[in-house]
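Q: Coordinates in coords27.txt, compact mmCIF, N, CA, C and O atoms, are listed below.
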# COMPACT_ATOMS: atom_id res chain seq x y z
N MET A 135 -12.07 -12.60 8.81
CA MET A 135 -12.08 -14.01 9.14
C MET A 135 -12.94 -14.24 10.37
O MET A 135 -12.96 -13.44 11.30
N ALA A 136 -13.67 -15.35 10.38
CA ALA A 136 -14.55 -15.67 11.50
C ALA A 136 -13.73 -15.81 12.78
O ALA A 136 -12.57 -16.20 12.77
N VAL A 137 -14.35 -15.49 13.89
CA VAL A 137 -13.71 -15.56 15.20
C VAL A 137 -13.43 -17.02 15.56
O VAL A 137 -14.23 -17.90 15.28
N GLU A 138 -12.29 -17.26 16.19
CA GLU A 138 -11.97 -18.60 16.70
C GLU A 138 -12.37 -18.63 18.17
O GLU A 138 -11.72 -18.02 19.01
N PHE A 139 -13.49 -19.31 18.46
CA PHE A 139 -13.95 -19.40 19.85
C PHE A 139 -13.16 -20.48 20.58
O PHE A 139 -12.89 -21.54 20.03
N THR A 140 -12.82 -20.19 21.83
CA THR A 140 -12.12 -21.14 22.69
C THR A 140 -12.81 -21.16 24.06
O THR A 140 -13.67 -20.32 24.33
N ALA A 141 -12.39 -22.08 24.90
CA ALA A 141 -12.93 -22.12 26.26
C ALA A 141 -12.67 -20.80 26.99
O ALA A 141 -13.47 -20.38 27.83
N ASP A 142 -11.58 -20.13 26.64
CA ASP A 142 -11.21 -18.88 27.31
C ASP A 142 -12.07 -17.69 26.91
O ASP A 142 -12.28 -16.77 27.70
N ASN A 143 -12.57 -17.67 25.65
CA ASN A 143 -13.32 -16.49 25.21
C ASN A 143 -14.80 -16.77 24.94
O ASN A 143 -15.55 -15.86 24.61
N PHE A 144 -15.24 -18.01 25.08
CA PHE A 144 -16.61 -18.39 24.70
C PHE A 144 -17.67 -17.62 25.50
O PHE A 144 -18.62 -17.10 24.93
N GLU A 145 -17.49 -17.57 26.81
CA GLU A 145 -18.49 -16.89 27.63
C GLU A 145 -18.62 -15.42 27.24
O GLU A 145 -19.72 -14.91 27.04
N GLU A 146 -17.49 -14.74 27.10
CA GLU A 146 -17.50 -13.31 26.77
C GLU A 146 -18.06 -13.05 25.38
O GLU A 146 -18.90 -12.16 25.19
N LEU A 147 -17.60 -13.81 24.38
CA LEU A 147 -17.95 -13.52 22.98
C LEU A 147 -19.29 -14.13 22.54
O LEU A 147 -19.91 -13.61 21.62
N VAL A 148 -19.71 -15.21 23.19
CA VAL A 148 -20.94 -15.88 22.77
C VAL A 148 -22.05 -15.68 23.79
O VAL A 148 -23.10 -15.11 23.49
N LEU A 149 -21.82 -16.14 25.00
CA LEU A 149 -22.89 -16.14 26.00
C LEU A 149 -23.28 -14.75 26.47
O LEU A 149 -24.43 -14.51 26.83
N LYS A 150 -22.34 -13.80 26.45
CA LYS A 150 -22.64 -12.43 26.90
C LYS A 150 -22.86 -11.46 25.74
O LYS A 150 -23.02 -10.27 25.96
N SER A 151 -22.92 -11.97 24.51
CA SER A 151 -23.08 -11.10 23.35
C SER A 151 -24.49 -10.50 23.30
O SER A 151 -25.47 -11.17 23.60
N ASP A 152 -24.56 -9.22 22.92
CA ASP A 152 -25.86 -8.59 22.72
C ASP A 152 -26.35 -8.74 21.29
O ASP A 152 -27.41 -8.24 20.93
N LYS A 153 -25.57 -9.46 20.47
CA LYS A 153 -25.94 -9.73 19.08
C LYS A 153 -26.19 -11.23 18.92
O LYS A 153 -25.71 -12.03 19.72
N PRO A 154 -26.91 -11.63 17.86
CA PRO A 154 -27.03 -13.06 17.58
C PRO A 154 -25.64 -13.64 17.29
O PRO A 154 -24.76 -12.94 16.79
N VAL A 155 -25.44 -14.92 17.63
CA VAL A 155 -24.15 -15.56 17.45
C VAL A 155 -24.32 -16.89 16.71
O VAL A 155 -25.17 -17.70 17.08
N LEU A 156 -23.51 -17.10 15.68
CA LEU A 156 -23.44 -18.37 14.95
C LEU A 156 -22.12 -19.03 15.35
O LEU A 156 -21.06 -18.41 15.23
N VAL A 157 -22.19 -20.27 15.84
CA VAL A 157 -20.99 -21.00 16.25
C VAL A 157 -20.90 -22.29 15.43
O VAL A 157 -21.76 -23.16 15.54
N ASP A 158 -19.86 -22.39 14.62
CA ASP A 158 -19.62 -23.55 13.77
C ASP A 158 -18.63 -24.49 14.46
O ASP A 158 -17.47 -24.13 14.65
N PHE A 159 -19.10 -25.66 14.88
CA PHE A 159 -18.23 -26.68 15.46
C PHE A 159 -17.71 -27.53 14.31
O PHE A 159 -18.50 -28.11 13.55
N TRP A 160 -16.38 -27.63 14.17
CA TRP A 160 -15.77 -28.24 12.99
C TRP A 160 -14.45 -28.91 13.35
O TRP A 160 -13.97 -28.80 14.47
N ALA A 161 -13.86 -29.60 12.36
CA ALA A 161 -12.51 -30.16 12.48
C ALA A 161 -11.87 -30.16 11.10
O ALA A 161 -12.57 -30.26 10.08
N GLU A 162 -10.55 -30.07 11.06
CA GLU A 162 -9.84 -30.01 9.78
C GLU A 162 -10.02 -31.26 8.94
O GLU A 162 -10.05 -31.20 7.72
N TRP A 163 -10.15 -32.43 9.57
CA TRP A 163 -10.25 -33.70 8.86
C TRP A 163 -11.66 -33.98 8.34
O TRP A 163 -11.88 -34.96 7.63
N CYS A 164 -12.61 -33.14 8.66
CA CYS A 164 -14.03 -33.35 8.32
C CYS A 164 -14.35 -32.77 6.94
O CYS A 164 -14.30 -31.56 6.74
N GLY A 165 -14.67 -33.66 5.98
CA GLY A 165 -14.99 -33.22 4.62
C GLY A 165 -16.14 -32.24 4.55
O GLY A 165 -16.01 -31.16 3.95
N PRO A 166 -17.32 -32.56 5.12
CA PRO A 166 -18.44 -31.60 5.08
C PRO A 166 -18.11 -30.27 5.75
O PRO A 166 -18.62 -29.23 5.34
N CYS A 167 -17.23 -30.30 6.75
CA CYS A 167 -16.82 -29.05 7.42
C CYS A 167 -16.10 -28.14 6.44
O CYS A 167 -16.24 -26.91 6.50
N ARG A 168 -15.33 -28.73 5.54
CA ARG A 168 -14.61 -27.92 4.54
C ARG A 168 -15.57 -27.28 3.54
O ARG A 168 -15.25 -26.26 2.94
N LEU A 169 -16.75 -27.87 3.37
CA LEU A 169 -17.77 -27.26 2.51
C LEU A 169 -18.45 -26.10 3.23
O LEU A 169 -18.77 -25.08 2.63
N VAL A 170 -18.69 -26.26 4.52
CA VAL A 170 -19.40 -25.25 5.30
C VAL A 170 -18.49 -24.07 5.65
O VAL A 170 -18.95 -22.93 5.72
N GLY A 171 -17.19 -24.32 5.81
CA GLY A 171 -16.26 -23.27 6.22
C GLY A 171 -16.33 -22.00 5.40
O GLY A 171 -16.49 -20.90 5.97
N PRO A 172 -16.25 -22.08 4.06
CA PRO A 172 -16.33 -20.86 3.25
C PRO A 172 -17.68 -20.15 3.39
O PRO A 172 -17.75 -18.92 3.34
N VAL A 173 -18.75 -20.90 3.60
CA VAL A 173 -20.07 -20.31 3.78
C VAL A 173 -20.10 -19.51 5.09
O VAL A 173 -20.61 -18.40 5.15
N VAL A 174 -19.51 -20.09 6.14
CA VAL A 174 -19.44 -19.39 7.43
C VAL A 174 -18.63 -18.11 7.28
O VAL A 174 -19.00 -17.06 7.82
N GLU A 175 -17.54 -18.17 6.53
CA GLU A 175 -16.73 -16.96 6.30
C GLU A 175 -17.53 -15.89 5.55
O GLU A 175 -17.44 -14.70 5.87
N GLU A 176 -18.32 -16.31 4.56
CA GLU A 176 -19.18 -15.35 3.82
C GLU A 176 -20.18 -14.70 4.76
O GLU A 176 -20.41 -13.49 4.71
N ILE A 177 -20.81 -15.52 5.60
CA ILE A 177 -21.80 -14.99 6.55
C ILE A 177 -21.13 -14.00 7.50
O ILE A 177 -21.68 -12.95 7.82
N HIS A 178 -19.91 -14.33 7.94
CA HIS A 178 -19.15 -13.43 8.81
C HIS A 178 -19.03 -12.05 8.14
O HIS A 178 -19.25 -11.02 8.78
N GLY A 179 -18.67 -12.03 6.88
CA GLY A 179 -18.54 -10.76 6.15
C GLY A 179 -19.87 -10.06 5.98
O GLY A 179 -19.98 -8.84 6.18
N ASP A 180 -20.90 -10.82 5.63
CA ASP A 180 -22.23 -10.24 5.39
C ASP A 180 -22.85 -9.65 6.65
O ASP A 180 -23.61 -8.69 6.58
N TYR A 181 -22.58 -10.24 7.79
CA TYR A 181 -23.22 -9.85 9.05
C TYR A 181 -22.29 -9.08 9.98
O TYR A 181 -22.58 -8.94 11.17
N ASP A 182 -21.20 -8.57 9.44
CA ASP A 182 -20.25 -7.81 10.25
C ASP A 182 -20.97 -6.66 10.96
O ASP A 182 -21.63 -5.85 10.33
N GLY A 183 -20.87 -6.62 12.28
CA GLY A 183 -21.53 -5.59 13.07
C GLY A 183 -22.96 -5.92 13.45
O GLY A 183 -23.54 -5.28 14.32
N LYS A 184 -23.56 -6.93 12.79
CA LYS A 184 -24.95 -7.30 13.08
C LYS A 184 -25.05 -8.61 13.84
O LYS A 184 -26.04 -8.87 14.51
N ALA A 185 -24.03 -9.47 13.70
CA ALA A 185 -24.01 -10.77 14.38
C ALA A 185 -22.55 -11.16 14.60
O ALA A 185 -21.66 -10.70 13.88
N VAL A 186 -22.33 -12.03 15.55
CA VAL A 186 -21.00 -12.58 15.79
C VAL A 186 -20.96 -13.96 15.13
O VAL A 186 -21.85 -14.78 15.36
N VAL A 187 -19.97 -14.18 14.29
CA VAL A 187 -19.85 -15.44 13.57
C VAL A 187 -18.47 -16.02 13.83
O VAL A 187 -17.46 -15.35 13.63
N GLY A 188 -18.45 -17.27 14.31
CA GLY A 188 -17.16 -17.88 14.62
C GLY A 188 -17.20 -19.39 14.60
O GLY A 188 -18.22 -20.00 14.31
N LYS A 189 -16.04 -19.96 14.94
CA LYS A 189 -15.84 -21.40 14.82
C LYS A 189 -15.20 -21.96 16.07
O LYS A 189 -14.44 -21.27 16.74
N VAL A 190 -15.49 -23.24 16.33
CA VAL A 190 -14.85 -23.99 17.41
C VAL A 190 -14.25 -25.24 16.78
O VAL A 190 -14.97 -26.07 16.22
N ASN A 191 -12.93 -25.37 16.87
CA ASN A 191 -12.25 -26.57 16.40
C ASN A 191 -12.43 -27.64 17.49
O ASN A 191 -11.87 -27.50 18.58
N VAL A 192 -13.20 -28.69 17.19
CA VAL A 192 -13.53 -29.68 18.21
C VAL A 192 -12.31 -30.49 18.65
O VAL A 192 -12.29 -31.02 19.77
N ASP A 193 -11.29 -30.59 17.81
CA ASP A 193 -10.08 -31.30 18.21
C ASP A 193 -9.28 -30.51 19.23
O ASP A 193 -8.64 -31.09 20.11
N GLU A 194 -9.32 -29.19 19.13
CA GLU A 194 -8.59 -28.34 20.06
C GLU A 194 -9.42 -27.94 21.27
O GLU A 194 -8.89 -27.60 22.32
N GLN A 195 -10.75 -27.94 21.12
CA GLN A 195 -11.66 -27.48 22.17
C GLN A 195 -12.68 -28.57 22.50
O GLN A 195 -13.89 -28.35 22.49
N GLY A 196 -12.19 -29.76 22.78
CA GLY A 196 -13.06 -30.91 23.05
C GLY A 196 -14.01 -30.70 24.21
O GLY A 196 -15.16 -31.14 24.16
N ASP A 197 -13.56 -30.02 25.26
CA ASP A 197 -14.42 -29.78 26.41
C ASP A 197 -15.60 -28.88 26.04
O ASP A 197 -16.71 -29.09 26.51
N LEU A 198 -15.34 -27.91 25.20
CA LEU A 198 -16.41 -27.01 24.75
C LEU A 198 -17.42 -27.77 23.90
O LEU A 198 -18.64 -27.61 24.07
N ALA A 199 -16.92 -28.62 23.00
CA ALA A 199 -17.82 -29.44 22.18
C ALA A 199 -18.66 -30.37 23.06
O ALA A 199 -19.87 -30.51 22.86
N ALA A 200 -18.03 -30.97 24.06
CA ALA A 200 -18.74 -31.88 24.96
C ALA A 200 -19.80 -31.13 25.78
O ALA A 200 -20.91 -31.64 25.99
N LYS A 201 -19.48 -29.92 26.20
CA LYS A 201 -20.41 -29.12 27.00
C LYS A 201 -21.74 -28.91 26.26
O LYS A 201 -22.80 -28.87 26.86
N PHE A 202 -21.65 -28.78 24.93
CA PHE A 202 -22.85 -28.54 24.13
C PHE A 202 -23.35 -29.81 23.43
O PHE A 202 -24.21 -29.74 22.56
N GLY A 203 -22.80 -30.96 23.81
CA GLY A 203 -23.29 -32.23 23.29
C GLY A 203 -23.05 -32.43 21.81
O GLY A 203 -23.85 -33.08 21.13
N ILE A 204 -21.97 -31.88 21.29
CA ILE A 204 -21.67 -32.00 19.86
C ILE A 204 -21.16 -33.41 19.59
O ILE A 204 -20.12 -33.81 20.06
N ARG A 205 -21.93 -34.18 18.80
CA ARG A 205 -21.55 -35.54 18.46
C ARG A 205 -21.24 -35.70 16.98
O ARG A 205 -20.54 -36.62 16.59
N ASN A 206 -21.82 -34.85 16.17
CA ASN A 206 -21.60 -34.87 14.72
C ASN A 206 -21.13 -33.50 14.28
O ASN A 206 -21.59 -32.48 14.82
N ILE A 207 -20.24 -33.48 13.30
CA ILE A 207 -19.80 -32.20 12.76
C ILE A 207 -19.93 -32.23 11.25
O ILE A 207 -19.87 -33.32 10.66
N PRO A 208 -20.14 -31.10 10.62
CA PRO A 208 -20.32 -29.80 11.26
C PRO A 208 -21.66 -29.68 11.98
O PRO A 208 -22.67 -30.16 11.49
N THR A 209 -21.62 -29.04 13.12
CA THR A 209 -22.83 -28.63 13.84
C THR A 209 -22.72 -27.13 14.05
O THR A 209 -21.68 -26.65 14.50
N ILE A 210 -23.78 -26.43 13.71
CA ILE A 210 -23.81 -24.99 13.92
C ILE A 210 -24.90 -24.68 14.93
O ILE A 210 -26.05 -25.10 14.76
N LEU A 211 -24.51 -23.99 16.00
CA LEU A 211 -25.45 -23.56 17.01
C LEU A 211 -25.69 -22.06 16.86
O LEU A 211 -24.76 -21.31 16.56
N PHE A 212 -26.92 -21.66 17.09
CA PHE A 212 -27.32 -20.25 17.00
C PHE A 212 -27.72 -19.79 18.40
O PHE A 212 -28.59 -20.40 19.02
N PHE A 213 -27.07 -18.75 18.87
CA PHE A 213 -27.33 -18.22 20.21
C PHE A 213 -27.96 -16.83 20.10
O PHE A 213 -27.58 -16.03 19.24
N LYS A 214 -28.89 -16.55 21.01
CA LYS A 214 -29.41 -15.20 21.21
C LYS A 214 -29.54 -15.01 22.72
O LYS A 214 -30.09 -15.87 23.41
N ASN A 215 -29.02 -13.91 23.21
CA ASN A 215 -29.07 -13.61 24.64
C ASN A 215 -28.50 -14.75 25.49
O ASN A 215 -29.03 -15.07 26.54
N GLY A 216 -27.42 -15.36 25.00
CA GLY A 216 -26.74 -16.40 25.75
C GLY A 216 -27.39 -17.77 25.73
O GLY A 216 -26.90 -18.70 26.36
N GLU A 217 -28.48 -17.92 25.00
CA GLU A 217 -29.21 -19.18 24.94
C GLU A 217 -29.18 -19.75 23.52
O GLU A 217 -29.25 -19.00 22.54
N ILE A 218 -29.12 -21.08 23.42
CA ILE A 218 -29.21 -21.72 22.10
C ILE A 218 -30.65 -21.60 21.62
O ILE A 218 -31.59 -21.99 22.33
N VAL A 219 -30.82 -21.04 20.43
CA VAL A 219 -32.16 -20.87 19.88
C VAL A 219 -32.40 -21.75 18.66
O VAL A 219 -33.55 -21.95 18.25
N ASP A 220 -31.33 -22.27 18.07
CA ASP A 220 -31.49 -23.14 16.91
C ASP A 220 -30.20 -23.91 16.68
O ASP A 220 -29.16 -23.59 17.27
N LYS A 221 -30.29 -24.91 15.80
CA LYS A 221 -29.17 -25.81 15.56
C LYS A 221 -29.27 -26.34 14.13
O LYS A 221 -30.36 -26.57 13.63
N SER A 222 -28.11 -26.53 13.51
CA SER A 222 -28.04 -27.12 12.18
C SER A 222 -26.92 -28.15 12.19
O SER A 222 -25.80 -27.84 12.59
N VAL A 223 -27.23 -29.39 11.79
CA VAL A 223 -26.23 -30.45 11.75
C VAL A 223 -26.01 -30.85 10.30
O VAL A 223 -26.97 -31.07 9.56
N GLY A 224 -24.74 -30.94 9.89
CA GLY A 224 -24.41 -31.29 8.52
C GLY A 224 -24.26 -30.04 7.66
O GLY A 224 -24.45 -28.92 8.13
N ALA A 225 -23.88 -30.27 6.42
CA ALA A 225 -23.70 -29.15 5.49
C ALA A 225 -25.05 -28.56 5.13
O ALA A 225 -25.98 -29.29 4.78
N SER A 226 -25.17 -27.25 5.24
CA SER A 226 -26.41 -26.54 4.94
C SER A 226 -26.10 -25.39 4.01
O SER A 226 -25.03 -24.77 4.10
N PRO A 227 -27.05 -25.04 3.13
CA PRO A 227 -26.84 -23.88 2.26
C PRO A 227 -26.86 -22.57 3.06
O PRO A 227 -27.45 -22.49 4.14
N LYS A 228 -26.21 -21.58 2.50
CA LYS A 228 -26.09 -20.28 3.16
C LYS A 228 -27.45 -19.71 3.57
O LYS A 228 -27.61 -19.24 4.69
N ALA A 229 -28.42 -19.78 2.68
CA ALA A 229 -29.74 -19.20 2.97
C ALA A 229 -30.38 -19.84 4.20
O ALA A 229 -31.03 -19.17 5.00
N ALA A 230 -30.19 -21.15 4.35
CA ALA A 230 -30.78 -21.84 5.52
C ALA A 230 -30.11 -21.36 6.81
O ALA A 230 -30.77 -21.27 7.85
N LEU A 231 -28.84 -21.04 6.75
CA LEU A 231 -28.12 -20.57 7.95
C LEU A 231 -28.46 -19.11 8.26
O LEU A 231 -28.71 -18.78 9.42
N THR A 232 -28.48 -18.26 7.26
CA THR A 232 -28.76 -16.85 7.52
C THR A 232 -30.20 -16.65 8.01
O THR A 232 -30.47 -15.76 8.80
N GLU A 233 -31.09 -17.50 7.55
CA GLU A 233 -32.49 -17.43 7.99
C GLU A 233 -32.59 -17.61 9.51
O GLU A 233 -33.43 -17.01 10.16
N LYS A 234 -31.70 -18.42 10.07
CA LYS A 234 -31.72 -18.69 11.50
C LYS A 234 -31.12 -17.54 12.31
O LYS A 234 -31.36 -17.42 13.50
N ILE A 235 -30.32 -16.70 11.66
CA ILE A 235 -29.75 -15.53 12.33
C ILE A 235 -30.76 -14.39 12.34
O ILE A 235 -30.90 -13.69 13.33
N ASP A 236 -31.46 -14.22 11.24
CA ASP A 236 -32.37 -13.07 11.07
C ASP A 236 -33.57 -13.10 12.00
O ASP A 236 -33.99 -14.02 12.53
Using structure tokens, write down the structure from this file.
A:
Amino acid sequence: MAVEFTADNFEELVLKSDKPVLVDFWAEWCGPCRLVGPVVEEIHGDYDGKAVVGKVNVDEQGDLAAKFGIRNIPTILFFKNGEIVDKSVGASPKAALTEKID
């Protein structure tokens, strides 16, 4: 299962990671988020050991969402070496997301 990022673990697991990181900002009530969720879980399995893949529930982690300017969900941010290197807003196919990790 994809990692659940929180304000408490975000710096350690995302910003200090030596691997690429995919962060899915989502909410339970968001229809498109429910489409993207299984894709994120698949990517988590496919990239185990090669990338960190996780999620941020914007209802529970509002400060974290605000810190990164998340206004629409789903929004997926891609980090490398602690920096945002790419972004995807809305439902995207798996290939479009994995391309941004590779």
Q: State, in Å with one decimal place, the distance from atom N of A:Cys167 to atom O of A:Asp152.
A: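 Taking atom N of A:Cys167 and atom O of A:Asp152, their separation equals 28.1 Å.
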Q: At what distance in Å, to one decimal, does atom O of A:Lys153 lie from atom N of A:Glu194?
A: 23.7 Å
Q: Using the chain letters and numbers from this document, which residues of chain A does DSSP assign to strand (DSSP E or B), as a list in words?
A: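 Answer for chain A restricted to strand (DSSP E or B) is Val137, Glu138, Val155, Leu156, Val157, Asp158, Phe159, Trp160, Val186, Val187, Gly188, Lys189, Val190, Asn191, Thr209, Ile210, Leu211, Phe212, Phe213, Lys214, Glu217, Ile218, Val219, Asp220, Lys221, Ser222 and Val223 of chain A.
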Q: Which one is closest to A:Phe212: A:Ile177, A:Ala230, A:Val155, A:Val137? Count all atoms listed in the file.
A: A:Val155
Q: When DSSP is applied to the backbone of this structure, which of chain A are assigned helix (DSSP H, G or I)? Write them out as a PyMOL selection string.
A: chain A and resi 144-149+165-180+196-201+228-235
Q: I'd like to know which of A:Lys228, A:His178, A:Lys150, A:Arg168 is closest to A:Pro208, using all atoms listed in the file.
A: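 Nearest to A:Pro208: A:Arg168.
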Q: Find the residues of stretch 155-231 of chain A that sit at most 10 Å from stretch 140-149 of chain A; for each, write down the nearest two atoms and how far apart they are in Å, to one decimal. Count only C-alpha atoms. Sort by chain, then by number going up, and give it as a Markdown table.
A:
| residue | atom | partner | partner_atom | distance |
| --- | --- | --- | --- | --- |
| A:Val155 | CA | A:Val148 | CA | 6.2 |
| A:Leu156 | CA | A:Val148 | CA | 8.6 |
| A:Val157 | CA | A:Val148 | CA | 8.3 |
| A:Val186 | CA | A:Val148 | CA | 7.7 |
| A:Val187 | CA | A:Val148 | CA | 9.3 |
| A:Gly188 | CA | A:Val148 | CA | 9.2 |
| A:Lys189 | CA | A:Thr140 | CA | 8.7 |
| A:Val190 | CA | A:Thr140 | CA | 6.6 |
| A:Asn191 | CA | A:Thr140 | CA | 8.3 |
| A:Val192 | CA | A:Thr140 | CA | 9.7 |
| A:Glu194 | CA | A:Thr140 | CA | 8.4 |
| A:Gln195 | CA | A:Thr140 | CA | 6.4 |
| A:Gly196 | CA | A:Ala141 | CA | 9.4 |
| A:Asp197 | CA | A:Ala141 | CA | 7.8 |
| A:Leu198 | CA | A:Ala141 | CA | 6.2 |
| A:Ala199 | CA | A:Ala141 | CA | 9.7 |
| A:Phe212 | CA | A:Val148 | CA | 9.6 |
| A:Phe213 | CA | A:Val148 | CA | 7.3 |
| A:Lys214 | CA | A:Leu149 | CA | 8.1 |
| A:Asn215 | CA | A:Leu149 | CA | 6.8 |
| A:Gly216 | CA | A:Leu149 | CA | 3.9 |
| A:Glu217 | CA | A:Leu149 | CA | 7.1 |
| A:Ile218 | CA | A:Leu149 | CA | 9.3 |
Q: Hey, what's within 10 Å of A:Asp236 if we count only C-alpha atoms and toss same-chain stuff fewer than 3 positions away? As number ranges by chain, please?
A: A: 154, 181, 184-185, 231-233
Q: Tell me, as a PyMOL selection string, which residues lie within 6 Å of A:Thr209, counting all atoms listed in the file; anything in the same chain fewer than 3 positions away does not count.
A: chain A and resi 157-160+206+222-224
Q: One decimal, in Å: what's the spacing between atom C of A:Ile235 and atom O of A:Glu162?
A: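 Between atom C of A:Ile235 and atom O of A:Glu162 the gap is 27.1 Å.
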Q: Smallest atom-to-atom distance to A:Ala225: which of A:Val173, A:Pro166, A:Arg205, A:Leu211, using all atoms listed in the file?
A: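 Answer, going by the shortest atom-to-atom distance: A:Pro166.
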Q: With only C-alpha atoms as the basis for distance, which of A:Cys164, A:Met135, A:Lys221, A:Gly179 is at the shortest distance from A:Phe202?
A: A:Lys221
Q: Where atoms are absent from stretch 137-144 of chain A, fill them in so it carries all heavy atoms, then output it as a CSV table (one decimal), keeping the file's coordinate frame.
A:
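Result written to result_34.csv:
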chain,number,residue,atom,x,y,z
A,137,VAL,N,-14.4,-15.5,13.9
A,137,VAL,CA,-13.7,-15.6,15.2
A,137,VAL,C,-13.4,-17.0,15.6
A,137,VAL,O,-14.2,-17.9,15.3
A,137,VAL,CB,-14.7,-14.9,16.3
A,137,VAL,CG1,-14.0,-15.0,17.6
A,137,VAL,CG2,-15.0,-13.5,15.9
A,138,GLU,N,-12.3,-17.3,16.2
A,138,GLU,CA,-12.0,-18.6,16.7
A,138,GLU,C,-12.4,-18.6,18.2
A,138,GLU,O,-11.7,-18.0,19.0
A,138,GLU,CB,-10.5,-18.9,16.5
A,138,GLU,CG,-10.1,-20.3,16.9
A,138,GLU,CD,-10.7,-21.4,15.9
A,138,GLU,OE1,-10.7,-21.1,14.7
A,138,GLU,OE2,-11.1,-22.4,16.4
A,139,PHE,N,-13.5,-19.3,18.5
A,139,PHE,CA,-14.0,-19.4,19.8
A,139,PHE,C,-13.2,-20.5,20.6
A,139,PHE,O,-12.9,-21.5,20.0
A,139,PHE,CB,-15.4,-19.7,19.9
A,139,PHE,CG,-16.3,-18.7,19.3
A,139,PHE,CD1,-17.2,-19.0,18.3
A,139,PHE,CD2,-16.3,-17.4,19.7
A,139,PHE,CE1,-18.1,-18.1,17.8
A,139,PHE,CE2,-17.1,-16.4,19.2
A,139,PHE,CZ,-18.0,-16.8,18.2
A,140,THR,N,-12.8,-20.2,21.8
A,140,THR,CA,-12.1,-21.1,22.7
A,140,THR,C,-12.8,-21.2,24.1
A,140,THR,O,-13.7,-20.3,24.3
A,140,THR,CB,-10.6,-20.7,22.9
A,140,THR,OG1,-10.6,-19.5,23.6
A,140,THR,CG2,-9.9,-20.6,21.6
A,141,ALA,N,-12.4,-22.1,24.9
A,141,ALA,CA,-12.9,-22.1,26.3
A,141,ALA,C,-12.7,-20.8,27.0
A,141,ALA,O,-13.5,-20.4,27.8
A,141,ALA,CB,-12.3,-23.3,27.0
A,142,ASP,N,-11.6,-20.1,26.6
A,142,ASP,CA,-11.2,-18.9,27.3
A,142,ASP,C,-12.1,-17.7,26.9
A,142,ASP,O,-12.3,-16.8,27.7
A,142,ASP,CB,-9.7,-18.5,27.0
A,142,ASP,CG,-8.8,-19.5,27.7
A,142,ASP,OD1,-9.2,-20.2,28.7
A,142,ASP,OD2,-7.7,-19.7,27.1
A,143,ASN,N,-12.6,-17.7,25.6
A,143,ASN,CA,-13.3,-16.5,25.2
A,143,ASN,C,-14.8,-16.8,24.9
A,143,ASN,O,-15.6,-15.9,24.6
A,143,ASN,CB,-12.7,-15.9,24.0
A,143,ASN,CG,-12.8,-16.7,22.7
A,143,ASN,OD1,-13.5,-17.7,22.6
A,143,ASN,ND2,-12.0,-16.4,21.7
A,144,PHE,N,-15.2,-18.0,25.1
A,144,PHE,CA,-16.6,-18.4,24.7
A,144,PHE,C,-17.7,-17.6,25.5
A,144,PHE,O,-18.6,-17.1,24.9
A,144,PHE,CB,-16.8,-19.9,24.9
A,144,PHE,CG,-18.0,-20.4,24.1
A,144,PHE,CD1,-17.9,-20.8,22.8
A,144,PHE,CD2,-19.2,-20.5,24.7
A,144,PHE,CE1,-19.0,-21.2,22.1
A,144,PHE,CE2,-20.4,-21.0,24.1
A,144,PHE,CZ,-20.2,-21.3,22.7
